[in-house]
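> File follows, structure36.pdb with PDB, C-alpha atoms:
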```pdb
ATOM      1  CA  MET A   1       0.000   0.000   0.000
ATOM      2  CA  GLU A   2       2.837   2.293   0.852
ATOM      3  CA  ALA A   3       4.491   1.633  -2.533
ATOM      4  CA  GLN A   4       1.287   2.555  -4.361
ATOM      5  CA  ALA A   5       0.872   5.751  -2.358
ATOM      6  CA  GLN A   6       4.487   6.652  -2.954
ATOM      7  CA  GLY A   7       4.064   6.143  -6.732
ATOM      8  CA  LEU A   8       1.106   8.485  -6.783
ATOM      9  CA  LEU A   9       2.931  11.200  -4.895
ATOM     10  CA  GLU A  10       6.126  11.281  -6.993
ATOM     11  CA  THR A  11       7.499  14.782  -7.292
ATOM     12  CA  GLU A  12      10.096  14.062  -9.987
ATOM     13  CA  PRO A  13       9.501  15.518 -13.458
ATOM     14  CA  LEU A  14       8.148  13.338 -16.223
ATOM     15  CA  GLN A  15      10.712  10.954 -17.662
ATOM     16  CA  GLY A  16      10.985   9.806 -21.311
ATOM     17  CA  ARG A  17       8.352   7.056 -21.269
ATOM     18  CA  ASP A  18       5.966   9.205 -19.199
ATOM     19  CA  GLU A  19       6.188  12.015 -21.785
ATOM     20  CA  ASP A  20       5.433   9.555 -24.568
ATOM     21  CA  ALA A  21       2.374   8.307 -22.685
ATOM     22  CA  VAL A  22       1.076  11.866 -22.251
ATOM     23  CA  ALA A  23       1.657  12.624 -25.942
ATOM     24  CA  ARG A  24      -0.258   9.505 -27.027
ATOM     25  CA  ALA A  25      -3.148  10.127 -24.657
ATOM     26  CA  ASP A  26      -6.339  11.158 -26.333
ATOM     27  CA  PHE A  27      -7.747  14.061 -24.343
ATOM     28  CA  SER A  28     -10.322  14.856 -26.996
ATOM     29  CA  SER A  29     -12.620  12.217 -25.591
ATOM     30  CA  MET A  30     -12.668  14.065 -22.265
ATOM     31  CA  LEU A  31     -13.615  17.414 -23.854
ATOM     32  CA  SER A  32     -17.112  18.455 -24.776
ATOM     33  CA  GLU A  33     -17.928  19.583 -28.306
ATOM     34  CA  GLU A  34     -18.183  23.183 -27.145
ATOM     35  CA  GLU A  35     -14.682  23.074 -25.552
ATOM     36  CA  LYS A  36     -13.241  21.526 -28.722
ATOM     37  CA  GLU A  37     -14.673  24.343 -30.830
ATOM     38  CA  GLU A  38     -13.256  26.972 -28.470
ATOM     39  CA  LEU A  39      -9.806  25.373 -28.593
ATOM     40  CA  LYS A  40      -9.917  25.145 -32.397
ATOM     41  CA  ALA A  41     -10.815  28.828 -32.630
ATOM     42  CA  GLU A  42      -8.022  29.718 -30.200
ATOM     43  CA  LEU A  43      -5.594  27.616 -32.273
ATOM     44  CA  VAL A  44      -6.532  29.432 -35.483
ATOM     45  CA  GLN A  45      -6.205  32.800 -33.720
ATOM     46  CA  LEU A  46      -2.714  31.899 -32.346
ATOM     47  CA  GLU A  47      -1.541  30.749 -35.778
ATOM     48  CA  ASP A  48      -2.782  34.036 -37.313
ATOM     49  CA  GLU A  49      -0.988  36.069 -34.612
ATOM     50  CA  ILE A  50       2.240  34.128 -35.174
ATOM     51  CA  THR A  51       2.036  34.757 -38.925
ATOM     52  CA  THR A  52       1.387  38.468 -38.327
ATOM     53  CA  LEU A  53       4.303  38.720 -35.875
ATOM     54  CA  ARG A  54       6.636  37.016 -38.379
ATOM     55  CA  GLN A  55       5.604  39.514 -41.078
ATOM     56  CA  VAL A  56       6.116  42.477 -38.713
ATOM     57  CA  LEU A  57       9.518  41.114 -37.648
ATOM     58  CA  SER A  58      10.586  40.640 -41.265
ATOM     59  CA  ALA A  59       9.528  44.203 -42.148
ATOM     60  CA  LYS A  60      11.409  45.601 -39.134
ATOM     61  CA  GLU A  61      14.555  43.628 -40.061
ATOM     62  CA  ARG A  62      14.421  45.054 -43.629
ATOM     63  CA  HIS A  63      13.987  48.565 -42.214
ATOM     64  CA  LEU A  64      16.954  47.982 -39.867
ATOM     65  CA  VAL A  65      19.169  46.925 -42.792
ATOM     66  CA  GLU A  66      18.131  50.031 -44.771
ATOM     67  CA  ILE A  67      18.968  52.351 -41.868
ATOM     68  CA  LYS A  68      22.362  50.674 -41.361
ATOM     69  CA  GLN A  69      23.140  51.039 -45.066
ATOM     70  CA  LYS A  70      22.249  54.733 -44.964
ATOM     71  CA  LEU A  71      24.524  55.205 -41.941
ATOM     72  CA  GLY A  72      27.342  53.349 -43.681
ATOM     73  CA  MET A  73      27.294  50.538 -41.186
ATOM     74  CA  ASN A  74      28.116  47.144 -42.581
ATOM     75  CA  LEU A  75      28.699  43.716 -41.141
ATOM     76  CA  MET A  76      32.444  44.303 -40.684
ATOM     77  CA  ASN A  77      31.917  47.529 -38.746
ATOM     78  CA  GLU A  78      29.341  45.809 -36.603
ATOM     79  CA  LEU A  79      31.699  42.933 -35.875
ATOM     80  CA  LYS A  80      34.466  45.391 -34.967
ATOM     81  CA  GLN A  81      32.140  47.250 -32.609
ATOM     82  CA  ASN A  82      30.952  44.017 -31.009
ATOM     83  CA  PHE A  83      34.530  42.782 -30.647
ATOM     84  CA  SER A  84      35.658  46.090 -29.147
ATOM     85  CA  LYS A  85      32.793  46.079 -26.690
ATOM     86  CA  SER A  86      33.421  42.440 -25.750
ATOM     87  CA  TRP A  87      37.155  43.112 -25.331
ATOM     88  CA  HIS A  88      36.434  46.113 -23.133
ATOM     89  CA  ASP A  89      33.946  44.122 -21.070
ATOM     90  CA  MET A  90      36.460  41.319 -20.641
ATOM     91  CA  GLN A  91      39.218  43.734 -19.595
ATOM     92  CA  THR A  92      37.039  45.132 -16.848
ATOM     93  CA  THR A  93      36.470  41.746 -15.232
ATOM     94  CA  SER A  94      38.322  41.029 -12.017
ATOM     95  CA  ALA A  95      39.719  37.744 -13.360
ATOM     96  CA  TYR A  96      41.355  39.560 -16.287
ATOM     97  CA  LYS A  97      42.807  42.216 -13.994
ATOM     98  CA  LYS A  98      44.261  39.592 -11.652
ATOM     99  CA  THR A  99      45.723  37.650 -14.574
ATOM    100  CA  GLN A 100      47.207  40.813 -16.051
ATOM    101  CA  GLU A 101      48.804  41.721 -12.722
ATOM    102  CA  THR A 102      50.229  38.216 -12.334
ATOM    103  CA  LEU A 103      51.667  38.234 -15.867
ATOM    104  CA  SER A 104      53.100  41.702 -15.327
ATOM    105  CA  GLN A 105      54.847  40.572 -12.160
ATOM    106  CA  ALA A 106      56.125  37.448 -13.917
ATOM    107  CA  GLY A 107      57.448  39.602 -16.777
ATOM    108  CA  GLN A 108      59.232  41.898 -14.349
ATOM    109  CA  LYS A 109      60.799  38.921 -12.603
ATOM    110  CA  ALA A 110      61.875  37.409 -15.927
ATOM    111  CA  THR A 111      63.409  40.724 -17.015
ATOM    112  CA  ALA A 112      65.316  40.961 -13.757
ATOM    113  CA  ALA A 113      66.495  37.364 -14.126
ATOM    114  CA  PHE A 114      67.712  37.965 -17.695
ATOM    115  CA  SER A 115      69.454  41.130 -16.576
ATOM    116  CA  ASN A 116      71.181  39.216 -13.787
ATOM    117  CA  VAL A 117      72.218  36.479 -16.227
ATOM    118  CA  GLY A 118      73.629  39.082 -18.637
ATOM    119  CA  THR A 119      75.555  40.751 -15.839
ATOM    120  CA  ALA A 120      76.894  37.412 -14.652
ATOM    121  CA  ILE A 121      78.019  36.461 -18.163
ATOM    122  CA  SER A 122      79.710  39.833 -18.645
ATOM    123  CA  LYS A 123      81.481  39.419 -15.336
ATOM    124  CA  LYS A 124      82.592  35.882 -16.247
ATOM    125  CA  PHE A 125      83.995  37.093 -19.584
ATOM    126  CA  GLY A 126      85.825  39.885 -17.785
ATOM    127  CA  ASP A 127      87.199  37.438 -15.252
ATOM    128  CA  MET A 128      88.175  35.040 -18.014
ATOM    129  CA  ARG A 129      89.982  37.752 -19.978
ATOM    130  CA  ASN A 130      91.967  38.678 -16.898
ATOM    131  CA  SER A 131      92.820  35.052 -16.145
ATOM    132  CA  PRO A 132      96.405  33.853 -16.663
ATOM    133  CA  THR A 133      95.250  31.165 -19.123
ATOM    134  CA  PHE A 134      93.604  33.682 -21.445
ATOM    135  CA  LYS A 135      96.577  36.051 -21.222
ATOM    136  CA  SER A 136      98.897  33.159 -22.073
ATOM    137  CA  PHE A 137      96.696  32.266 -25.070
ATOM    138  CA  GLU A 138      96.619  35.905 -26.207
ATOM    139  CA  GLU A 139     100.419  36.102 -25.997
ATOM    140  CA  ARG A 140     100.775  32.897 -28.035
ATOM    141  CA  VAL A 141      98.484  34.248 -30.746
ATOM    142  CA  GLU A 142     100.417  37.516 -30.894
ATOM    143  CA  THR A 143     103.722  35.629 -31.089
ATOM    144  CA  THR A 144     102.386  33.391 -33.864
ATOM    145  CA  VAL A 145     101.052  36.362 -35.816
ATOM    146  CA  THR A 146     104.301  38.237 -35.417
ATOM    147  CA  SER A 147     106.337  35.253 -36.608
ATOM    148  CA  LEU A 148     103.999  34.739 -39.574
ATOM    149  CA  LYS A 149     104.269  38.396 -40.453
ATOM    150  CA  THR A 150     108.039  38.243 -40.255
ATOM    151  CA  LYS A 151     108.169  35.143 -42.470
ATOM    152  CA  VAL A 152     105.663  36.384 -45.024
ATOM    153  CA  GLY A 153     106.173  40.104 -45.299
ATOM    154  CA  GLY A 154     109.454  40.926 -43.582
ATOM    155  CA  THR A 155     109.903  42.713 -40.305
ATOM    156  CA  SER A 156     107.728  45.575 -39.401
ATOM    157  CA  HIS A 157     108.645  47.995 -36.693
ATOM    158  CA  SER A 158     105.229  49.600 -36.611
ATOM    159  CA  GLY A 159     103.803  47.091 -34.136
ATOM    160  CA  GLY A 160     100.097  47.803 -34.414
ATOM    161  CA  SER A 161      97.006  46.340 -32.886
ATOM    162  CA  PHE A 162      95.907  42.748 -33.024
ATOM    163  CA  GLU A 163      93.368  43.539 -35.786
ATOM    164  CA  GLU A 164      95.994  45.298 -37.928
ATOM    165  CA  VAL A 165      98.343  42.358 -37.607
ATOM    166  CA  LEU A 166      95.575  39.941 -38.660
ATOM    167  CA  SER A 167      94.579  42.037 -41.657
ATOM    168  CA  SER A 168      98.182  42.460 -42.805
ATOM    169  CA  THR A 169      98.754  38.704 -42.452
ATOM    170  CA  ALA A 170      95.644  38.009 -44.528
ATOM    171  CA  GLN A 171      96.837  40.435 -47.222
ATOM    172  CA  ALA A 172     100.293  38.910 -47.278
ATOM    173  CA  SER A 173      98.915  35.375 -47.589
ATOM    174  CA  SER A 174      96.562  36.393 -50.414
ATOM    175  CA  GLN A 175      99.444  38.030 -52.325
ATOM    176  CA  SER A 176     101.593  34.965 -52.020
ATOM    177  CA  THR A 177      98.861  32.666 -53.393
ATOM    178  CA  SER A 178      97.725  34.910 -56.251
ATOM    179  CA  GLY A 179     101.057  35.362 -58.026
ATOM    180  CA  GLY A 180     104.614  34.150 -57.967
ATOM    181  CA  PRO A 181     106.063  30.814 -59.051
ATOM    182  CA  ARG A 182     102.829  28.876 -58.654
ATOM    183  CA  GLN A 183     101.067  31.068 -61.211
ATOM    184  CA  ALA A 184     103.921  30.624 -63.684
ATOM    185  CA  LYS A 185     103.786  26.839 -63.363
ATOM    186  CA  ALA A 186     100.030  26.900 -64.015
ATOM    187  CA  ASP A 187     100.587  28.977 -67.192
ATOM    188  CA  GLU A 188     103.238  26.517 -68.446
ATOM    189  CA  LEU A 189     100.883  23.564 -67.932
ATOM    190  CA  GLN A 190      98.146  25.188 -70.009
ATOM    191  CA  CYS A 191     100.329  25.547 -73.113
TER     192      CYS A 191
END
```
For this file, produce the structure as structure tokens.

Amino acid sequence: MEAQAQGLLETEPLQGRDEDAVARADFSSMLSEEEKEELKAELVQLEDEITTLRQVLSAKERHLVEIKQKLGMNLMNELKQNFSKSWHDMQTTSAYKKTQETLSQAGQKATAAFSNVGTAISKKFGDMRNSPTFKSFEERVETTVTSLKTKVGGTSHSGGSFEEVLSSTAQASSQSTSGGPRQAKADELQC
């Protein structure tokens, strides 16, 4: 008995099979002829109102398009305006502001970190240049360049900077390969 009473007092909404049962039910047998006629008249009236509203809506939409055309508004301008408004609305939200602040702080921290890394690298290069190993290497290069210059182009008392010595060595080596006995041997072979 309790199960039957509980089934009658269910407060849950209609489920799939219950909706189908209601849709298949024939309520016309419970209505009088007079009620059926009233409902039919109301149905016709509602359909007429819906048709009229659709026609009015269509006319208003055409009028709206005409006004927009006269004002020079087109779909692209409308999209831009909608996008601008949406972007502005999004920027004013608290979530966006918090995210922007967080990203700004992260960017500042990253900039500081990169700056510190750059400073550390500069310091390391400075320390390395002042180290005895680098100075020894620099002296060896200068000695080698000087000896090459002496062998290739004779002695030079001008001294000069490291760059001048390199450029003069490059010029001397290019002169020695472009002419001289090697060129003469190549000419003899061609004949």
> Have a look at CA of Thr169 (chain A) and CA of Leu148 (chain A) and let me know their distance in Å, one decimal.
7.2 Å
> CA of Glu66 (chain A) and CA of Leu79 (chain A) are how many Å apart?
17.7 Å
> Interatomic distance between CA of Thr143 (chain A) and CA of Ser122 (chain A)?
27.4 Å
